[in-house]
$ cat input_26.txt   # compact mmCIF, C-alpha atoms
# COMPACT_ATOMS: atom_id res chain seq x y z
CA VAL H 124 36.81 -73.86 73.71
CA LEU H 125 36.31 -70.34 75.02
CA ARG H 126 33.33 -69.42 77.17
CA GLY H 127 31.80 -66.16 76.05
CA PRO H 128 31.58 -63.32 75.64
CA GLN H 129 34.75 -63.28 73.52
CA GLY H 130 36.13 -60.48 71.41
CA SER H 131 39.49 -59.26 72.71
CA LEU H 132 41.64 -62.18 71.50
CA TYR H 133 41.01 -62.51 67.74
CA GLY H 134 38.48 -62.49 64.89
CA ARG H 135 34.82 -61.60 65.23
CA ASN H 136 33.14 -60.74 68.48
CA ALA H 137 30.91 -63.44 69.97
CA THR H 138 28.46 -63.21 72.87
CA GLY H 139 28.17 -66.97 73.31
CA GLY H 140 31.85 -67.90 73.09
CA ALA H 141 34.00 -69.63 70.50
CA ILE H 142 34.94 -73.18 69.53
CA ASN H 143 38.05 -73.48 67.36
CA PHE H 144 38.66 -76.38 64.99
CA ILE H 145 42.32 -76.16 63.95
CA THR H 146 43.31 -78.70 61.29
CA ARG H 147 46.73 -80.31 61.51
CA ALA H 148 49.33 -78.84 59.17
CA PRO H 149 51.08 -81.00 56.52
CA ALA H 150 54.13 -82.81 57.92
CA LEU H 151 57.55 -81.66 56.70
CA GLY H 152 60.00 -84.26 55.48
CA GLN H 153 57.76 -87.34 55.51
CA PHE H 154 55.13 -89.10 53.41
CA GLU H 155 51.73 -89.71 55.03
CA PHE H 156 48.68 -91.77 54.10
CA SER H 157 45.51 -92.74 55.91
CA GLN H 158 42.24 -94.38 54.89
CA SER H 159 39.11 -95.05 56.91
CA LEU H 160 35.82 -96.69 55.94
CA THR H 161 32.55 -96.70 57.86
CA SER H 162 29.41 -98.63 56.95
CA GLY H 163 26.00 -99.07 58.51
CA ASN H 164 22.33 -99.67 57.87
CA TYR H 165 20.34 -97.70 55.29
CA ASN H 166 23.38 -98.16 53.01
CA LEU H 167 25.55 -95.87 55.06
CA LEU H 168 29.05 -95.65 53.56
CA ARG H 169 31.66 -93.07 54.55
CA SER H 170 35.19 -93.00 53.14
CA ARG H 171 37.96 -90.66 54.31
CA THR H 172 41.30 -90.51 52.51
CA MET H 173 44.39 -88.40 53.29
CA VAL H 174 47.71 -88.21 51.44
CA GLY H 175 50.63 -86.00 52.53
CA VAL H 176 53.66 -85.46 50.30
CA PRO H 177 56.90 -83.63 51.29
CA LEU H 178 58.38 -81.11 48.84
CA GLY H 179 61.96 -81.03 50.01
CA GLU H 180 62.74 -80.20 53.63
CA LYS H 181 60.93 -76.88 53.88
CA ALA H 182 57.53 -77.53 52.20
CA ALA H 183 54.76 -80.12 52.10
CA VAL H 184 51.27 -80.54 50.67
CA GLN H 185 48.32 -82.58 51.88
CA LEU H 186 45.14 -83.68 50.11
CA ALA H 187 42.07 -85.03 51.93
CA TYR H 188 38.84 -86.38 50.44
CA LEU H 189 35.56 -87.41 52.07
CA ASN H 190 32.65 -89.23 50.44
CA ALA H 191 29.53 -89.99 52.46
CA GLY H 192 26.16 -91.40 51.48
CA LYS H 193 23.09 -92.82 53.19
CA HIS H 194 19.58 -93.81 52.12
CA GLY H 195 16.60 -92.04 53.62
CA PHE H 196 13.97 -94.13 55.42
CA VAL H 197 10.92 -92.59 53.63
CA LYS H 198 10.49 -93.84 50.06
CA ASN H 199 9.20 -91.55 47.32
CA GLU H 200 6.45 -93.28 45.35
CA GLY H 201 6.15 -90.34 42.96
CA THR H 202 8.65 -89.15 40.35
CA GLY H 203 12.22 -87.94 40.84
CA LYS H 204 14.63 -89.14 43.53
CA ARG H 205 13.73 -92.46 45.16
CA ARG H 206 13.83 -91.34 48.80
CA PHE H 207 13.29 -88.37 51.06
CA GLY H 208 16.16 -87.52 53.45
CA GLU H 209 18.83 -89.17 51.31
CA GLN H 210 22.44 -88.09 51.95
CA ASP H 211 24.98 -87.60 49.15
CA ARG H 212 28.05 -85.59 50.18
CA ASP H 213 31.61 -84.98 49.00
CA ALA H 214 34.34 -82.82 50.51
CA TRP H 215 37.91 -81.97 49.53
CA GLN H 216 40.71 -80.10 51.27
CA LEU H 217 44.09 -79.13 49.86
CA SER H 218 46.62 -77.64 52.27
CA ALA H 219 50.23 -76.55 51.88
CA LEU H 220 52.94 -75.54 54.35
CA TRP H 221 56.14 -73.63 53.57
CA GLU H 222 58.83 -72.71 56.11
CA PRO H 223 61.62 -70.96 54.19
CA THR H 224 63.35 -69.89 57.43
CA ASP H 225 63.01 -70.59 61.14
CA ALA H 226 61.32 -67.20 61.53
CA LEU H 227 58.81 -67.37 58.65
CA GLN H 228 55.93 -69.76 58.02
CA ALA H 229 53.23 -69.71 55.33
CA ARG H 230 50.20 -72.00 55.39
CA TYR H 231 47.52 -72.17 52.69
CA SER H 232 44.29 -74.17 52.63
CA TYR H 233 41.45 -74.65 50.15
CA ASP H 234 38.32 -76.61 51.00
CA ARG H 235 35.16 -77.45 49.07
CA SER H 236 32.01 -79.27 50.16
CA GLN H 237 29.22 -80.52 47.90
CA ILE H 238 25.89 -81.55 49.47
CA ASP H 239 23.23 -83.13 47.26
CA ASP H 240 20.86 -84.43 49.95
CA THR H 241 17.16 -84.69 49.24
CA SER H 242 14.81 -82.76 51.50
CA SER H 243 13.36 -84.27 54.64
CA PHE H 244 9.86 -85.74 54.56
CA VAL H 245 7.16 -83.54 56.09
CA ALA H 246 4.45 -85.67 57.70
CA ALA H 247 0.89 -84.75 58.65
CA VAL H 248 0.28 -85.49 62.33
CA PRO H 249 -2.89 -85.30 64.46
CA LEU H 250 -3.39 -83.02 67.44
CA TYR H 251 -1.94 -84.12 70.75
CA PRO H 252 -2.42 -86.59 72.42
CA ALA H 253 -3.23 -88.61 69.28
CA GLN H 254 -0.21 -90.06 67.48
CA ALA H 255 0.70 -90.92 63.90
CA LYS H 256 2.80 -93.85 62.74
CA ARG H 257 6.24 -93.11 61.40
CA PRO H 258 5.86 -92.79 57.62
CA ARG H 259 7.61 -95.30 55.36
CA HIS H 260 6.63 -93.81 52.01
CA GLY H 261 5.31 -90.59 50.51
CA SER H 262 2.42 -89.91 48.16
CA PRO H 263 2.47 -91.32 44.60
CA TYR H 264 1.45 -87.83 43.45
CA VAL H 265 4.80 -86.25 44.38
CA GLN H 266 6.28 -84.78 41.19
CA ASP H 267 9.97 -84.32 40.43
CA LEU H 268 11.53 -84.76 43.86
CA ARG H 269 14.93 -83.12 43.36
CA PRO H 270 18.05 -83.10 45.51
CA ASN H 271 19.33 -79.90 47.04
CA ASP H 272 22.43 -78.40 45.46
CA ILE H 273 24.76 -76.83 48.04
CA THR H 274 28.39 -75.89 47.38
CA ALA H 275 30.54 -74.27 50.06
CA GLN H 276 34.19 -73.46 49.45
CA GLY H 277 36.93 -71.20 50.72
CA HIS H 278 40.58 -70.18 50.78
CA THR H 279 42.70 -69.36 53.83
CA LEU H 280 46.25 -67.99 53.91
CA THR H 281 48.08 -67.62 57.23
CA LEU H 282 51.52 -65.99 57.45
CA GLU H 283 53.60 -65.94 60.65
CA TRP H 284 56.80 -63.93 61.04
CA ALA H 285 58.83 -64.08 64.23
CA LEU H 286 60.15 -60.53 64.47
CA SER H 287 62.11 -61.51 67.59
CA ASP H 288 62.06 -64.14 70.32
CA ALA H 289 59.39 -62.09 72.06
CA LEU H 290 57.22 -60.80 69.19
CA THR H 291 55.37 -62.49 66.31
CA LEU H 292 53.44 -60.82 63.48
CA LYS H 293 50.59 -62.87 62.06
CA SER H 294 48.36 -62.31 59.02
CA ILE H 295 45.15 -64.29 58.42
CA SER H 296 43.41 -63.84 55.04
CA GLY H 297 40.16 -65.60 54.24
CA TYR H 298 37.63 -65.89 51.43
CA ARG H 299 34.50 -68.05 51.47
CA LYS H 300 31.71 -68.61 48.96
CA LEU H 301 28.36 -70.38 49.25
CA ASP H 302 25.87 -71.39 46.55
CA ASN H 303 22.68 -72.92 47.88
CA GLU H 304 19.57 -74.27 46.14
CA ASN H 305 16.91 -75.96 48.29
CA PHE H 306 13.64 -77.67 47.40
CA GLN H 307 10.84 -78.68 49.73
CA ASN H 308 7.56 -80.53 49.18
CA TYR H 309 5.02 -79.92 51.91
CA LEU H 310 2.34 -82.57 52.43
CA THR H 311 1.46 -83.79 48.95
CA GLY H 312 -1.43 -86.25 49.41
CA ALA H 313 -2.22 -85.18 52.99
CA ASN H 314 -5.56 -83.67 51.93
CA PRO H 315 -7.81 -86.62 50.94
CA ALA H 316 -10.15 -84.26 49.07
CA ILE H 317 -7.35 -83.13 46.72
CA PRO H 318 -4.63 -85.84 47.03
CA THR H 319 -2.73 -84.66 43.96
CA MET H 320 -1.87 -81.27 45.45
CA ALA H 321 0.77 -80.22 47.95
CA LEU H 322 0.06 -77.82 50.74
CA SER H 323 3.06 -75.84 49.45
CA LEU H 324 6.03 -76.25 47.12
CA SER H 325 9.02 -74.03 47.82
CA THR H 326 12.32 -73.31 46.10
CA THR H 327 15.07 -71.20 47.63
CA ARG H 328 18.24 -70.07 45.86
CA TYR H 329 20.89 -67.84 47.36
CA GLY H 330 24.57 -67.10 47.09
CA GLN H 331 26.97 -65.52 49.54
CA ASP H 332 30.63 -64.58 49.58
CA GLN H 333 32.75 -63.11 52.34
CA LYS H 334 36.26 -61.76 52.71
CA SER H 335 38.23 -61.14 55.89
CA GLN H 336 41.67 -59.86 56.80
CA GLU H 337 43.28 -59.87 60.21
CA PHE H 338 46.68 -58.76 61.50
CA GLN H 339 47.91 -59.79 64.94
CA LEU H 340 50.88 -58.91 67.14
CA ILE H 341 51.55 -61.64 69.72
CA GLY H 342 54.31 -61.21 72.25
CA ASP H 343 55.63 -60.84 75.77
CA ALA H 344 57.57 -58.15 77.62
CA PHE H 345 59.10 -57.24 81.00
CA ASP H 346 60.93 -60.57 81.39
CA ASP H 347 57.80 -62.53 80.35
CA ARG H 348 55.68 -60.87 83.02
CA LEU H 349 53.40 -59.36 80.36
CA GLU H 350 51.81 -61.56 77.68
CA TYR H 351 49.72 -59.75 75.10
CA VAL H 352 47.90 -59.95 71.78
CA ALA H 353 46.72 -57.00 69.69
CA GLY H 354 45.04 -56.98 66.33
CA ILE H 355 42.91 -55.32 63.68
CA TYR H 356 40.13 -57.07 61.78
CA TRP H 357 38.12 -56.40 58.60
CA PHE H 358 35.16 -58.39 57.28
CA ASP H 359 33.04 -57.88 54.16
CA GLU H 360 29.99 -59.93 53.15
CA LYS H 361 27.58 -59.85 50.21
CA ALA H 362 24.63 -62.15 49.61
CA ASP H 363 21.58 -62.28 47.39
CA GLY H 364 18.79 -64.76 47.03
CA ARG H 365 15.33 -65.58 45.79
CA GLY H 366 12.67 -67.77 47.27
CA SER H 367 9.30 -68.81 45.90
CA SER H 368 6.44 -70.86 47.28
CA ALA H 369 3.30 -72.05 45.51
CA THR H 370 0.16 -72.78 47.53
CA PRO H 371 -2.74 -74.67 45.86
CA PRO H 372 -5.63 -74.81 45.14
CA ARG H 373 -5.82 -71.18 43.91
CA ARG H 374 -2.14 -71.34 42.99
CA THR H 375 -1.06 -68.45 45.19
CA VAL H 376 2.61 -67.80 44.46
CA ALA H 377 4.86 -65.67 46.68
CA SER H 378 8.26 -64.67 45.33
CA THR H 379 10.85 -62.92 47.51
CA THR H 380 14.18 -61.45 46.43
CA TYR H 381 16.72 -59.92 48.77
CA ARG H 382 20.28 -58.64 48.94
CA ILE H 383 22.51 -57.88 51.89
CA GLU H 384 25.84 -56.09 52.21
CA ASN H 385 27.66 -56.09 55.54
CA THR H 386 31.03 -54.68 56.56
CA ALA H 387 32.71 -54.92 59.95
CA TYR H 388 35.85 -53.33 61.38
CA ALA H 389 37.48 -54.02 64.74
CA VAL H 390 40.52 -53.18 66.84
CA TYR H 391 41.24 -55.36 69.87
CA ALA H 392 43.90 -56.10 72.48
CA GLN H 393 44.33 -58.20 75.59
CA GLY H 394 47.21 -58.47 78.03
CA THR H 395 47.98 -60.49 81.16
CA TYR H 396 50.47 -59.12 83.72
CA THR H 397 52.06 -61.13 86.54
CA PRO H 398 53.64 -58.90 89.21
CA THR H 399 56.55 -59.98 91.40
CA VAL H 400 54.41 -60.08 94.55
CA LEU H 401 52.95 -63.28 96.03
CA ASP H 402 55.51 -65.56 94.35
CA ASP H 403 54.23 -64.80 90.86
CA ARG H 404 50.85 -66.30 91.66
CA LEU H 405 48.70 -63.24 90.95
CA HIS H 406 47.62 -62.40 87.38
CA PHE H 407 45.80 -59.31 86.05
CA THR H 408 44.16 -59.43 82.60
CA LEU H 409 42.71 -56.42 80.80
CA GLY H 410 41.30 -56.40 77.29
CA GLY H 411 39.02 -54.47 75.00
CA ARG H 412 37.48 -54.46 71.57
CA TRP H 413 36.15 -51.57 69.49
CA SER H 414 33.75 -52.64 66.75
CA LYS H 415 32.01 -50.86 63.88
CA ASP H 416 29.37 -52.60 61.75
CA GLU H 417 27.71 -51.29 58.58
CA ARG H 418 24.55 -53.16 57.57
CA HIS H 419 22.57 -52.77 54.35
CA SER H 420 19.64 -54.89 53.22
CA ARG H 421 16.97 -54.84 50.48
CA VAL H 422 13.87 -57.03 50.17
CA LEU H 423 11.01 -57.26 47.66
CA GLU H 424 8.07 -59.70 47.87
CA LEU H 425 5.49 -60.18 45.12
CA THR H 426 2.35 -62.29 45.49
CA SER H 427 0.09 -63.45 42.67
CA THR H 428 -3.03 -65.63 42.62
CA ALA H 429 -4.26 -67.92 39.84
CA GLY H 430 -1.71 -66.61 37.36
CA GLY H 431 -2.67 -62.96 37.88
CA PRO H 432 -0.28 -60.00 38.11
CA GLY H 433 2.10 -59.78 41.03
CA VAL H 434 1.22 -57.44 43.92
CA VAL H 435 3.92 -55.99 46.18
CA THR H 436 3.24 -57.34 49.64
CA ARG H 437 6.56 -56.48 51.29
CA GLN H 438 9.32 -54.06 50.32
CA GLY H 439 12.19 -52.31 52.02
CA ASP H 440 15.68 -50.85 51.72
CA GLY H 441 17.50 -50.32 55.00
CA ASN H 442 20.85 -49.00 56.21
CA LYS H 443 22.16 -49.07 59.78
CA ASP H 444 25.57 -48.45 61.39
CA PHE H 445 26.57 -49.64 64.86
CA ASN H 446 29.55 -48.93 67.16
CA ASP H 447 30.57 -50.69 70.34
CA PHE H 448 33.37 -50.94 72.89
CA SER H 449 33.52 -54.14 74.95
CA PRO H 450 36.05 -54.39 77.81
CA THR H 451 37.33 -57.47 79.65
CA ALA H 452 38.84 -57.72 83.15
CA VAL H 453 40.09 -60.87 84.92
CA LEU H 454 41.78 -61.33 88.30
CA ALA H 455 43.34 -64.78 88.79
CA TYR H 456 45.35 -66.42 91.55
CA ASP H 457 47.27 -69.73 91.61
CA LEU H 458 46.37 -71.50 94.85
CA LEU H 459 48.66 -74.40 93.91
CA GLU H 460 50.82 -75.25 90.92
CA ASN H 461 47.83 -76.75 89.08
CA THR H 462 44.95 -74.94 90.82
CA ASN H 463 43.74 -71.51 89.73
CA VAL H 464 40.83 -69.38 90.96
CA TYR H 465 39.58 -66.37 89.03
CA ALA H 466 37.01 -63.57 88.88
CA LYS H 467 35.95 -62.18 85.51
CA VAL H 468 33.82 -59.31 84.22
CA VAL H 469 33.32 -58.97 80.47
CA LYS H 470 30.96 -57.20 78.10
CA GLY H 471 29.70 -58.84 74.92
CA TYR H 472 28.17 -57.44 71.73
CA LYS H 473 26.29 -58.76 68.71
CA THR H 474 25.51 -56.29 65.93
CA GLY H 475 21.99 -55.26 64.95
CA GLY H 476 20.54 -55.33 61.46
CA PHE H 477 17.47 -56.25 59.43
CA ASN H 478 15.23 -59.31 59.27
CA GLU H 479 14.66 -60.24 55.62
CA ARG H 480 11.85 -62.59 56.71
CA ALA H 481 9.97 -59.92 58.66
CA SER H 482 6.18 -60.18 58.33
CA SER H 483 5.66 -56.68 56.89
CA SER H 484 7.47 -53.76 55.25
CA ALA H 485 7.20 -51.77 58.47
CA ARG H 486 8.74 -54.56 60.53
CA PHE H 487 11.59 -54.89 58.04
CA ALA H 488 12.30 -51.14 58.00
CA GLU H 489 12.33 -51.03 61.79
CA GLY H 490 15.23 -53.49 61.92
CA PHE H 491 16.60 -54.64 65.24
CA ASP H 492 19.09 -53.24 67.76
CA PRO H 493 22.41 -54.75 68.84
CA GLU H 494 22.43 -57.36 71.56
CA THR H 495 24.71 -56.62 74.51
CA LEU H 496 25.39 -58.45 77.73
CA LEU H 497 27.45 -57.99 80.86
CA SER H 498 28.79 -61.24 82.30
CA TYR H 499 30.16 -61.83 85.81
CA GLU H 500 31.96 -65.10 86.59
CA LEU H 501 33.78 -66.75 89.50
CA GLY H 502 35.52 -70.07 88.94
CA ILE H 503 38.23 -72.58 89.72
CA LYS H 504 40.28 -74.78 87.42
CA SER H 505 42.37 -77.51 89.02
CA GLU H 506 44.24 -80.77 88.44
CA LEU H 507 44.84 -82.77 91.61
CA TRP H 508 46.49 -86.01 92.76
CA GLU H 509 49.31 -85.80 90.22
CA ARG H 510 46.81 -84.81 87.51
CA ARG H 511 44.60 -87.86 88.09
CA LEU H 512 41.60 -85.70 89.06
CA ARG H 513 40.42 -82.59 87.23
CA VAL H 514 37.91 -80.28 88.93
CA ASN H 515 36.56 -77.23 87.09
CA ALA H 516 33.65 -75.20 88.41
CA ALA H 517 32.12 -71.80 87.73
CA VAL H 518 29.22 -69.65 88.79
CA PHE H 519 28.15 -66.82 86.49
CA ARG H 520 25.48 -64.26 85.79
CA ALA H 521 24.86 -62.78 82.32
CA ASP H 522 22.64 -59.69 82.04
CA TYR H 523 21.32 -59.33 78.46
CA LYS H 524 19.92 -56.23 76.81
CA ASP H 525 17.92 -56.47 73.55
CA ILE H 526 18.57 -60.19 73.26
CA GLN H 527 18.06 -61.34 69.65
CA ILE H 528 15.63 -64.25 69.27
$ encode --input "input_26.txt" --output "structure tokens"
Amino acid sequence: VLRGPQGSLYGRNATGGAINFITRAPALGQFEFSQSLTSGNYNLLRSRTMVGVPLGEKAAVQLAYLNAGKHGFVKNEGTGKRRFGEQDRDAWQLSALWEPTDALQARYSYDRSQIDDTSSFVAAVPLYPAQAKRPRHGSPYVQDLRPNDITAQGHTLTLEWALSDALTLKSISGYRKLDNENFQNYLTGANPAIPTMALSLSTTRYGQDQKSQEFQLIGDAFDDRLEYVAGIYWFDEKADGRGSSATPPRRTVASTTYRIENTAYAVYAQGTYTPTVLDDRLHFTLGGRWSKDERHSRVLELTSTAGGPGVVTRQGDGNKDFNDFSPTAVLAYDLLENTNVYAKVVKGYKTGGFNERASSSARFAEGFDPETLLSYELGIKSELWERRLRVNAAVFRADYKDIQI
């Protein structure tokens, strides 16, 4: 867990920080199996299975599967699926590890998630302070309640080559793809004058794919007094989608199509130097990240009433490029073997772009600027009484400019 801003260590820049989930690699030279089952009310059932198989002494593969399901607590008395908020999910992961030599390691992973949940129930509620009872069923006039159809999948290949005892070259290649189809019924039966009609019926379909490539040099120098990481990063993203909503009683239909294309480049480095003074207790850290982002977006919205011709209500085609340099500086001192105090100044950056859901063509064309912040932090990290007590504390101030909300 890294408190932000973060951008001089790896990957994309982040103003808020970063949380890394690093899955365990397949085990070399041994067979593995695990199975867990969880059950609960509303027919909750979750099964997790993992099998690891060695392929000789230098390679291994691992397969994991998750199945999870749960009934929703609002019944559908109309047609289609029986409940709102029902969960139906499957996930798979295949990973492989190959270590042909002590200096070379290759790790591959493929994952796929399938989510077929039904949409949540939208309830009509009175104005505060009046309250409504929690609904147990929907309207009998709901027609064709369908589950969402969401598929997310991706490939990752990580190569590590120890060039020497003090230098490692690392390559991280990634590809991800998302296909998403969502349905939502808004308040069918809430209007007693026209109980057969919904306030709105919406369908959203979009797809997205992204590619990234990163190269890192990780090492140390000057008798381990300098520890450093340096890297270059490339990211490319394309997405397109279409959303439609129908609003009775005049059957006003709004249809929106959009497409985005984003590319990002970055060069970053960070190093920590420990001089010989003060018994090796003083540490200087300097880092920096140069970023370039290219953003392109198109949007077209057509609105028709009572089956009439569509009228363009929102349209735009925008291009913006952004550049940024974000430095990092940290001064740290070891008061004791397990007690460290530090002072940190770091700049953060989040690229600008376009809002495809802007309320007008003019608002879309205007776009929005990058978000930047300058963060100051003082802190202590300590483990006391033979590591029985851990005390971490920090005080910080973050000055934002053009914060994106």
$ closest_residue --input "input_26.txt" --among "H:Pro318, H:Gly179, H:Gly134, H:Gly502" --to "Glu337 in chain H" --atoms "all atoms listed in the file"
H:Gly134
$ atom_distance --input "input_26.txt" --atom1 "CA of Asn164 in chain H" --atom2 "CA of Glu200 in chain H"
21.2 Å
$ residues_around --input "input_26.txt" --residues "Ala289 in chain H" --least-positions-apart "5" --cutoff "12 Å" --atoms "only C-alpha atoms" --output "list in words"
Ala226, Trp284, Leu340, Ile341, Gly342, Asp343, Ala344, Phe345, Asp346, Asp347, Arg348, Leu349, Glu350, Tyr351 and Val352 of chain H
$ residues_around --input "input_26.txt" --residues "range 153-159 of chain H" --least-positions-apart "3" --cutoff "9 Å" --atoms "all atoms listed in the file" --output "list in words"
Pro149, Ala150, Arg169, Ser170, Arg171, Thr172, Met173, Val174, Gly175, Val176, Pro177, Glu180, Ala183 and Gln185 of chain H
$ closest_residue --input "input_26.txt" --among "H:Ala148, H:Tyr381, H:Ala389, H:Gln129" --to "Leu497 in chain H" --atoms "only C-alpha atoms"
H:Gln129
